[in-house]
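With mmCIF, C-alpha atoms, pLDDT in the B column; chains and numbers go by the auth columns inside, this is structure20.cif:
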data_query
loop_
_atom_site.group_PDB
_atom_site.id
_atom_site.type_symbol
_atom_site.label_atom_id
_atom_site.label_comp_id
_atom_site.label_asym_id
_atom_site.label_seq_id
_atom_site.Cartn_x
_atom_site.Cartn_y
_atom_site.Cartn_z
_atom_site.B_iso_or_equiv
_atom_site.auth_seq_id
_atom_site.auth_asym_id
ATOM 1 C CA ASP A 1 -104.687 -79.559 39.131 62.00 16 A
ATOM 2 C CA THR A 2 -101.321 -77.815 38.737 66.00 17 A
ATOM 3 C CA GLU A 3 -99.507 -79.718 41.423 91.00 18 A
ATOM 4 C CA VAL A 4 -96.670 -82.200 41.544 96.00 19 A
ATOM 5 C CA THR A 5 -96.892 -84.332 44.658 97.00 20 A
ATOM 6 C CA GLN A 6 -94.094 -86.327 46.248 97.00 21 A
ATOM 7 C CA THR A 7 -94.124 -88.982 48.950 97.00 22 A
ATOM 8 C CA PRO A 8 -92.779 -89.402 51.501 97.00 23 A
ATOM 9 C CA LYS A 9 -91.841 -85.925 52.716 96.00 24 A
ATOM 10 C CA HIS A 10 -89.023 -87.292 54.825 97.00 25 A
ATOM 11 C CA LEU A 11 -87.202 -90.628 54.669 97.00 26 A
ATOM 12 C CA VAL A 12 -84.481 -92.074 56.860 96.00 27 A
ATOM 13 C CA MET A 13 -82.840 -95.257 55.658 93.00 28 A
ATOM 14 C CA GLY A 14 -79.836 -97.400 56.398 91.00 29 A
ATOM 15 C CA MET A 15 -77.204 -98.236 53.849 90.00 30 A
ATOM 16 C CA THR A 16 -78.588 -101.761 53.373 90.00 31 A
ATOM 17 C CA ASN A 17 -82.224 -100.735 52.966 90.00 32 A
ATOM 18 C CA LYS A 18 -84.295 -100.627 49.804 95.00 33 A
ATOM 19 C CA LYS A 19 -86.771 -97.774 49.560 96.00 34 A
ATOM 20 C CA SER A 20 -88.688 -95.886 46.888 97.00 35 A
ATOM 21 C CA LEU A 21 -89.608 -92.268 46.319 98.00 36 A
ATOM 22 C CA LYS A 22 -92.845 -91.491 44.511 98.00 37 A
ATOM 23 C CA CYS A 23 -93.918 -88.581 42.368 98.00 38 A
ATOM 24 C CA GLU A 24 -97.288 -87.894 40.757 98.00 39 A
ATOM 25 C CA GLN A 25 -98.721 -85.229 38.453 97.00 40 A
ATOM 26 C CA HIS A 26 -102.120 -84.880 36.777 92.00 41 A
ATOM 27 C CA MET A 27 -101.371 -82.022 34.410 93.00 42 A
ATOM 28 C CA GLY A 28 -101.088 -84.270 31.370 92.00 43 A
ATOM 29 C CA HIS A 29 -97.363 -83.593 31.194 93.00 44 A
ATOM 30 C CA ARG A 30 -95.343 -86.078 29.165 92.00 45 A
ATOM 31 C CA ALA A 31 -91.934 -85.304 30.644 93.00 46 A
ATOM 32 C CA MET A 32 -90.868 -85.987 34.201 95.00 47 A
ATOM 33 C CA TYR A 33 -87.587 -85.357 35.968 95.00 48 A
ATOM 34 C CA TRP A 34 -85.616 -86.261 39.063 97.00 49 A
ATOM 35 C CA TYR A 35 -83.266 -83.712 40.598 97.00 50 A
ATOM 36 C CA LYS A 36 -80.959 -83.987 43.595 97.00 51 A
ATOM 37 C CA GLN A 37 -80.227 -81.005 45.817 96.00 52 A
ATOM 38 C CA LYS A 38 -77.526 -81.067 48.479 96.00 53 A
ATOM 39 C CA ALA A 39 -77.667 -78.580 51.332 93.00 54 A
ATOM 40 C CA LYS A 40 -76.950 -74.988 50.254 91.00 55 A
ATOM 41 C CA LYS A 41 -76.416 -76.071 46.635 93.00 56 A
ATOM 42 C CA PRO A 42 -78.612 -75.669 43.553 94.00 57 A
ATOM 43 C CA PRO A 43 -80.653 -78.619 42.204 95.00 58 A
ATOM 44 C CA GLU A 44 -78.848 -80.966 39.825 95.00 59 A
ATOM 45 C CA LEU A 45 -80.576 -83.010 37.166 94.00 60 A
ATOM 46 C CA MET A 46 -80.454 -86.805 37.548 96.00 61 A
ATOM 47 C CA PHE A 47 -82.947 -88.314 35.076 95.00 62 A
ATOM 48 C CA VAL A 48 -85.395 -87.277 32.383 93.00 63 A
ATOM 49 C CA TYR A 49 -88.356 -89.348 31.237 94.00 64 A
ATOM 50 C CA SER A 50 -90.121 -88.485 28.032 91.00 65 A
ATOM 51 C CA TYR A 51 -93.324 -90.319 27.111 92.00 66 A
ATOM 52 C CA GLU A 52 -92.594 -92.852 29.874 94.00 67 A
ATOM 53 C CA LYS A 53 -89.197 -93.706 28.447 93.00 68 A
ATOM 54 C CA LEU A 54 -85.887 -92.829 30.056 94.00 69 A
ATOM 55 C CA SER A 55 -84.270 -90.307 27.743 90.00 70 A
ATOM 56 C CA ILE A 56 -81.535 -88.800 29.909 91.00 71 A
ATOM 57 C CA ASN A 57 -79.385 -90.289 32.675 93.00 72 A
ATOM 58 C CA GLU A 58 -76.868 -87.739 33.923 92.00 73 A
ATOM 59 C CA SER A 59 -74.300 -90.410 34.855 93.00 74 A
ATOM 60 C CA VAL A 60 -76.167 -91.309 38.021 96.00 75 A
ATOM 61 C CA PRO A 61 -74.860 -94.341 40.025 96.00 76 A
ATOM 62 C CA SER A 62 -76.861 -97.533 39.586 95.00 77 A
ATOM 63 C CA ARG A 63 -77.928 -97.505 43.231 96.00 78 A
ATOM 64 C CA PHE A 64 -80.541 -95.011 41.995 97.00 79 A
ATOM 65 C CA SER A 65 -83.048 -96.697 39.709 97.00 80 A
ATOM 66 C CA PRO A 66 -85.850 -94.637 38.151 97.00 81 A
ATOM 67 C CA GLU A 67 -89.122 -96.041 36.904 97.00 82 A
ATOM 68 C CA CYS A 68 -92.061 -94.483 35.081 96.00 83 A
ATOM 69 C CA PRO A 69 -95.048 -96.874 35.338 95.00 84 A
ATOM 70 C CA ASN A 70 -97.380 -94.487 33.480 93.00 85 A
ATOM 71 C CA SER A 71 -97.556 -90.901 32.303 90.00 86 A
ATOM 72 C CA SER A 72 -98.617 -89.615 35.742 95.00 87 A
ATOM 73 C CA LEU A 73 -96.231 -91.493 37.995 97.00 88 A
ATOM 74 C CA LEU A 74 -92.494 -91.451 38.516 98.00 89 A
ATOM 75 C CA ASN A 75 -90.610 -93.550 41.047 98.00 90 A
ATOM 76 C CA LEU A 76 -87.037 -93.508 42.231 98.00 91 A
ATOM 77 C CA HIS A 77 -85.887 -96.813 43.711 98.00 92 A
ATOM 78 C CA LEU A 78 -83.031 -96.606 46.178 97.00 93 A
ATOM 79 C CA HIS A 79 -80.709 -99.424 47.164 95.00 94 A
ATOM 80 C CA ALA A 80 -77.399 -99.574 49.013 93.00 95 A
ATOM 81 C CA LEU A 81 -77.126 -95.817 49.332 94.00 96 A
ATOM 82 C CA GLN A 82 -74.263 -94.004 50.985 95.00 97 A
ATOM 83 C CA PRO A 83 -74.460 -91.258 53.626 95.00 98 A
ATOM 84 C CA GLU A 84 -73.321 -88.746 50.986 96.00 99 A
ATOM 85 C CA ASP A 85 -76.555 -89.472 49.095 97.00 100 A
ATOM 86 C CA SER A 86 -78.455 -87.640 51.808 97.00 101 A
ATOM 87 C CA ALA A 87 -80.190 -84.757 50.053 97.00 102 A
ATOM 88 C CA LEU A 88 -83.490 -83.262 48.944 97.00 103 A
ATOM 89 C CA TYR A 89 -84.828 -85.211 45.967 98.00 104 A
ATOM 90 C CA LEU A 90 -87.039 -83.158 43.722 98.00 105 A
ATOM 91 C CA CYS A 91 -89.434 -84.343 41.071 98.00 106 A
ATOM 92 C CA ALA A 92 -90.566 -82.075 38.243 96.00 107 A
ATOM 93 C CA SER A 93 -92.774 -82.323 35.187 95.00 108 A
ATOM 94 C CA SER A 94 -93.258 -80.359 31.992 92.00 109 A
ATOM 95 C CA ARG A 95 -95.495 -80.510 28.952 89.00 110 A
ATOM 96 C CA HIS A 96 -92.710 -82.060 26.914 83.00 111 A
ATOM 97 C CA ALA A 97 -89.015 -82.726 27.429 80.00 112 A
ATOM 98 C CA SER A 98 -88.014 -80.189 24.808 76.00 113 A
ATOM 99 C CA GLY A 99 -89.442 -77.291 22.880 72.00 114 A
ATOM 100 C CA SER A 100 -90.551 -73.770 23.626 67.00 115 A
ATOM 101 C CA TYR A 101 -92.618 -72.674 26.575 65.00 116 A
ATOM 102 C CA ASN A 102 -91.614 -75.745 28.444 76.00 117 A
ATOM 103 C CA GLU A 103 -91.452 -74.621 32.021 87.00 118 A
ATOM 104 C CA GLN A 104 -90.928 -77.288 34.640 92.00 119 A
ATOM 105 C CA PHE A 105 -93.194 -77.618 37.646 94.00 120 A
ATOM 106 C CA PHE A 106 -91.557 -78.954 40.780 96.00 121 A
ATOM 107 C CA GLY A 107 -92.829 -80.966 43.695 97.00 122 A
ATOM 108 C CA PRO A 108 -91.948 -80.129 47.308 96.00 123 A
ATOM 109 C CA GLY A 109 -89.271 -82.795 47.445 97.00 124 A
ATOM 110 C CA THR A 110 -88.386 -85.740 49.666 97.00 125 A
ATOM 111 C CA ARG A 111 -85.758 -85.077 52.330 97.00 126 A
ATOM 112 C CA LEU A 112 -83.630 -88.232 52.415 97.00 127 A
ATOM 113 C CA THR A 113 -81.210 -89.091 55.200 97.00 128 A
ATOM 114 C CA VAL A 114 -78.948 -92.124 54.814 96.00 129 A
ATOM 115 C CA LEU A 115 -77.448 -93.425 58.049 93.00 130 A
ATOM 116 C CA ASP B 1 -76.096 -73.294 27.952 60.00 13 H
ATOM 117 C CA ALA B 2 -74.765 -69.798 28.630 62.00 14 H
ATOM 118 C CA LYS B 3 -73.536 -69.088 32.135 88.00 15 H
ATOM 119 C CA THR B 4 -75.274 -66.567 34.329 95.00 16 H
ATOM 120 C CA THR B 5 -73.927 -64.316 37.055 95.00 17 H
ATOM 121 C CA GLN B 6 -76.078 -63.136 39.934 97.00 18 H
ATOM 122 C CA PRO B 7 -75.261 -61.342 43.185 97.00 19 H
ATOM 123 C CA PRO B 8 -75.222 -63.850 46.040 97.00 20 H
ATOM 124 C CA SER B 9 -77.629 -61.884 48.196 97.00 21 H
ATOM 125 C CA MET B 10 -79.890 -58.834 48.259 98.00 22 H
ATOM 126 C CA ASP B 11 -82.175 -57.165 50.763 97.00 23 H
ATOM 127 C CA CYS B 12 -85.459 -55.423 50.115 96.00 24 H
ATOM 128 C CA ALA B 13 -87.976 -53.653 52.331 97.00 25 H
ATOM 129 C CA GLU B 14 -91.476 -55.073 52.430 97.00 26 H
ATOM 130 C CA GLY B 15 -93.797 -53.262 50.030 97.00 27 H
ATOM 131 C CA ARG B 16 -90.969 -51.952 47.882 97.00 28 H
ATOM 132 C CA ALA B 17 -89.948 -53.208 44.476 97.00 29 H
ATOM 133 C CA ALA B 18 -87.239 -55.854 44.385 98.00 30 H
ATOM 134 C CA ASN B 19 -84.971 -55.666 41.344 98.00 31 H
ATOM 135 C CA LEU B 20 -82.840 -58.756 40.838 98.00 32 H
ATOM 136 C CA PRO B 21 -80.100 -58.487 38.196 98.00 33 H
ATOM 137 C CA CYS B 22 -78.614 -61.255 36.081 97.00 34 H
ATOM 138 C CA ASN B 23 -75.718 -61.133 33.628 97.00 35 H
ATOM 139 C CA HIS B 24 -75.674 -63.564 30.719 95.00 36 H
ATOM 140 C CA SER B 25 -73.147 -61.992 28.387 94.00 37 H
ATOM 141 C CA THR B 26 -72.569 -65.170 26.330 92.00 38 H
ATOM 142 C CA ILE B 27 -76.251 -65.808 25.589 92.00 39 H
ATOM 143 C CA SER B 28 -76.981 -66.905 22.034 89.00 40 H
ATOM 144 C CA GLY B 29 -79.859 -65.900 19.810 87.00 41 H
ATOM 145 C CA ASN B 30 -81.981 -68.982 20.470 84.00 42 H
ATOM 146 C CA GLU B 31 -81.644 -69.006 24.244 88.00 43 H
ATOM 147 C CA TYR B 32 -84.389 -67.868 26.578 90.00 44 H
ATOM 148 C CA VAL B 33 -83.927 -66.307 30.006 93.00 45 H
ATOM 149 C CA TYR B 34 -85.872 -68.170 32.697 94.00 46 H
ATOM 150 C CA TRP B 35 -86.387 -67.221 36.331 96.00 47 H
ATOM 151 C CA TYR B 36 -87.240 -69.659 39.084 97.00 48 H
ATOM 152 C CA ARG B 37 -87.271 -69.190 42.821 97.00 49 H
ATOM 153 C CA GLN B 38 -86.938 -71.578 45.726 97.00 50 H
ATOM 154 C CA ILE B 39 -88.427 -70.785 49.073 95.00 51 H
ATOM 155 C CA HIS B 40 -86.599 -72.528 51.912 90.00 52 H
ATOM 156 C CA SER B 41 -87.197 -76.296 51.978 83.00 53 H
ATOM 157 C CA GLN B 42 -89.592 -76.197 49.019 91.00 54 H
ATOM 158 C CA GLY B 43 -89.225 -77.121 45.374 94.00 55 H
ATOM 159 C CA PRO B 44 -88.277 -74.463 42.824 96.00 56 H
ATOM 160 C CA GLN B 45 -91.146 -72.429 41.404 96.00 57 H
ATOM 161 C CA TYR B 46 -91.293 -71.108 37.857 94.00 58 H
ATOM 162 C CA ILE B 47 -91.701 -67.323 37.737 96.00 59 H
ATOM 163 C CA ILE B 48 -91.316 -66.021 34.197 95.00 60 H
ATOM 164 C CA HIS B 49 -89.268 -66.324 31.031 93.00 61 H
ATOM 165 C CA GLY B 50 -88.523 -64.289 27.931 93.00 62 H
ATOM 166 C CA LEU B 51 -86.475 -64.110 24.748 91.00 63 H
ATOM 167 C CA LYS B 52 -86.134 -60.483 23.663 91.00 64 H
ATOM 168 C CA ASN B 53 -89.147 -58.501 24.749 88.00 65 H
ATOM 169 C CA ASN B 54 -90.016 -57.495 28.260 94.00 66 H
ATOM 170 C CA GLU B 55 -92.528 -59.806 29.881 96.00 67 H
ATOM 171 C CA THR B 56 -94.988 -59.404 32.721 97.00 68 H
ATOM 172 C CA ASN B 57 -97.231 -61.828 34.537 96.00 69 H
ATOM 173 C CA GLU B 58 -99.083 -61.886 37.830 95.00 70 H
ATOM 174 C CA MET B 59 -95.894 -62.623 39.753 94.00 71 H
ATOM 175 C CA ALA B 60 -93.218 -60.430 38.219 97.00 72 H
ATOM 176 C CA SER B 61 -91.814 -58.476 35.306 98.00 73 H
ATOM 177 C CA LEU B 62 -88.762 -59.404 33.273 98.00 74 H
ATOM 178 C CA ILE B 63 -86.710 -56.686 31.634 98.00 75 H
ATOM 179 C CA ILE B 64 -84.147 -57.871 29.062 97.00 76 H
ATOM 180 C CA THR B 65 -81.603 -55.399 27.701 96.00 77 H
ATOM 181 C CA GLU B 66 -81.554 -54.757 23.976 95.00 78 H
ATOM 182 C CA ASP B 67 -78.244 -56.626 23.537 95.00 79 H
ATOM 183 C CA ARG B 68 -79.693 -59.461 25.672 95.00 80 H
ATOM 184 C CA LYS B 69 -76.556 -59.630 27.779 95.00 81 H
ATOM 185 C CA SER B 70 -78.372 -58.931 31.019 96.00 82 H
ATOM 186 C CA SER B 71 -81.824 -58.951 32.524 97.00 83 H
ATOM 187 C CA THR B 72 -83.660 -57.825 35.631 98.00 84 H
ATOM 188 C CA LEU B 73 -86.463 -59.572 37.447 98.00 85 H
ATOM 189 C CA ILE B 74 -88.794 -57.129 39.162 98.00 86 H
ATOM 190 C CA LEU B 75 -91.118 -58.038 41.998 98.00 87 H
ATOM 191 C CA PRO B 76 -93.233 -54.859 42.137 96.00 88 H
ATOM 192 C CA HIS B 77 -94.359 -55.042 45.767 95.00 89 H
ATOM 193 C CA ALA B 78 -92.225 -57.494 47.705 97.00 90 H
ATOM 194 C CA THR B 79 -93.746 -59.319 50.662 97.00 91 H
ATOM 195 C CA LEU B 80 -92.125 -61.417 53.379 97.00 92 H
ATOM 196 C CA ARG B 81 -93.225 -64.525 51.467 96.00 93 H
ATOM 197 C CA ASP B 82 -91.007 -63.490 48.560 97.00 94 H
ATOM 198 C CA THR B 83 -87.921 -64.285 50.640 98.00 95 H
ATOM 199 C CA ALA B 84 -86.263 -67.020 48.583 98.00 96 H
ATOM 200 C CA VAL B 85 -83.311 -67.932 46.386 97.00 97 H
ATOM 201 C CA TYR B 86 -83.919 -66.594 42.875 98.00 98 H
ATOM 202 C CA TYR B 87 -82.316 -68.435 39.979 97.00 99 H
ATOM 203 C CA CYS B 88 -81.688 -66.912 36.578 97.00 100 H
ATOM 204 C CA ILE B 89 -81.271 -69.642 33.949 94.00 101 H
ATOM 205 C CA VAL B 90 -80.460 -69.401 30.269 91.00 102 H
ATOM 206 C CA ARG B 91 -81.918 -72.195 28.220 86.00 103 H
ATOM 207 C CA LEU B 92 -82.213 -73.187 24.557 79.00 104 H
ATOM 208 C CA ASP B 93 -85.683 -72.745 23.130 71.00 105 H
ATOM 209 C CA SER B 94 -85.642 -76.131 21.447 69.00 106 H
ATOM 210 C CA GLY B 95 -83.457 -79.096 20.536 68.00 107 H
ATOM 211 C CA GLY B 96 -80.073 -80.014 21.957 63.00 108 H
ATOM 212 C CA SER B 97 -80.024 -79.768 25.720 64.00 109 H
ATOM 213 C CA ASN B 98 -83.287 -77.833 25.842 65.00 110 H
ATOM 214 C CA TYR B 99 -84.627 -80.282 28.433 74.00 111 H
ATOM 215 C CA LYS B 100 -82.028 -79.178 30.915 79.00 112 H
ATOM 216 C CA LEU B 101 -82.415 -76.536 33.600 85.00 113 H
ATOM 217 C CA THR B 102 -78.911 -75.731 34.824 87.00 114 H
ATOM 218 C CA PHE B 103 -79.258 -73.914 38.116 91.00 115 H
ATOM 219 C CA GLY B 104 -76.481 -71.554 39.178 90.00 116 H
ATOM 220 C CA LYS B 105 -75.964 -70.331 42.718 91.00 117 H
ATOM 221 C CA GLY B 106 -78.806 -67.806 42.543 96.00 118 H
ATOM 222 C CA THR B 107 -79.525 -64.719 44.617 97.00 119 H
ATOM 223 C CA LEU B 108 -80.882 -65.006 48.135 97.00 120 H
ATOM 224 C CA LEU B 109 -83.458 -62.239 48.391 98.00 121 H
ATOM 225 C CA THR B 110 -84.396 -61.330 51.937 98.00 122 H
ATOM 226 C CA VAL B 111 -87.481 -59.165 52.322 98.00 123 H
ATOM 227 C CA ASN B 112 -87.391 -57.267 55.605 96.00 124 H
ATOM 228 C CA PRO B 113 -90.403 -55.925 57.504 95.00 125 H
#
The structure given in the file should be rewritten as structure tokens.
Amino acid sequence: DTEVTQTPKHLVMGMTNKKSLKCEQHMGHRAMYWYKQKAKKPPELMFVYSYEKLSINESVPSRFSPECPNSSLLNLHLHALQPEDSALYLCASSRHASGSYNEQFFGPGTRLTVL
Amino acid sequence: DAKTTQPPSMDCAEGRAANLPCNHSTISGNEYVYWYRQIHSQGPQYIIHGLKNNETNEMASLIITEDRKSSTLILPHATLRDTAVYYCIVRLDSGGSNYKLTFGKGTLLTVNP
């Protein structure tokens, strides 16, 4: 299985809602990532998990809260988002967080719209 | 990570080779060149990477100049499904910010029938 899956595909939420994005991989990868991609822009890194521990937070606002319950799952909890947070949220995984031959495999993304 | 420069867009006829250039004149000795692509509304897809030598896999070939200041991704027989944004990324091979993929603006390759 060489796939990273993400649910839901699309999500519409209000600014007062709490929602979660889910990501799953079964490649035995020990690093997982969240990226944010605004329309017509390249993906930007948000968080890196290595061996289920948060290792990198790229100065992301606290209304985004990542969680890694086990080595196969990655969640992104959303609370009190703003309309400008509307974007494609991409999950990725790699064998490790650093080292050679460490290509990242991406999921299809969740298209989030904040009203 | 070293910056990369790519043309914003390119066209290619279906069945012909697509040659996508990338300049990375400030690349250092321990930085790899990676290529990813992103088909519209999908996640990025890893294509190939290399350090010094030319590389080939089932998707593409990567030609890196001897001074390593530029590279070319070659799709030997482009199909309509190869229409995508192609990102050239320079990345450390280990340590430091090796975890990070810094995407530039990429090249939008349009394959025409």
Exercise for review: Apply the PyMOL selection byres ((chain H and resi 64) around 9) to the displayed file and report the matching residues as a PyMOL selection string.
Suggested key: chain H and resi 44-45+62-63+65-67+75-80
Check your understanding: Could you write out as a list in words the residues that the PyMOL selection byres ((chain H) within 8 of (chain A)) matches in the shown file?
Key -> Ser53, Gln54, Gly55, Pro56, Gln57, Tyr58, Asp105, Ser106, Gly107, Asn110, Tyr111, Lys112, Leu113, Thr114, Phe115, Gly116, Lys117 and Gly118 of chain H
Exercise for review: Could you check how far CA of Lys34 (chain A) sits from CA of Leu88 (chain A), in Å to one decimal?
Suggested key: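 Result for CA of Lys34 (chain A) versus CA of Leu88 (chain A): 16.2 Å, one decimal.
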Check your understanding: Counting all atoms listed in the file, which residues come within 7 Å of (-82.8, -95.4, 58.2), with the point read in the file's coordinates, and could you list them as a list in words?
Key ->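 Residues satisfying the cut-off, written out: Val27, Met28, Gly29, Val129 and Leu130 of chain A.
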Practice item. Quote the spacing between CA of Pro23 (chain A) and CA of Met42 (chain A) in Å to one decimal place. Key: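 One can read the CA of Pro23 (chain A) to CA of Met42 (chain A) distance as 20.5 Å.
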Check your understanding: Do you know which residues the PyMOL selection byres ((chain H and resi 20-30) around 6) returns on this file, as a PyMOL selection string?
Key -> chain H and resi 19+31+86-91+119-125
Check your understanding: Interatomic distance between CA of Gln21 (chain A) and CA of Cys83 (chain A)?
Key ->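 Taking CA of Gln21 (chain A) as the start and CA of Cys83 (chain A) as the end point, the length is 14.0 Å.
The neighbours of His44 (chain A) here are the residues that come within 9 Å of it, using only C-alpha atoms and leaving out any residue fewer than 5 positions away in the same chain; they are Tyr66, Ser86, Ser87, Ser108, Ser109, Arg110 and His111 of chain A.
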Hey, can I get the axis-aligned box for region 44-52 of chain H? All listed atoms, 6 Å padding on each side, centre and edge lengths in Å to one decimal, as AutoDock Vina command-line options.
--center_x -86.2 --center_y -69.4 --center_z 39.2 --size_x 16.5 --size_y 18.2 --size_z 37.3
Check your understanding: When distances are computed from all atoms listed in the file, which of A:Tyr64, A:Lys24, A:Gly43, A:Leu127 shows the smallest separation from Leu89 (chain A)?
Key ->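 Of all the options, A:Tyr64 lies closest to Leu89 (chain A).
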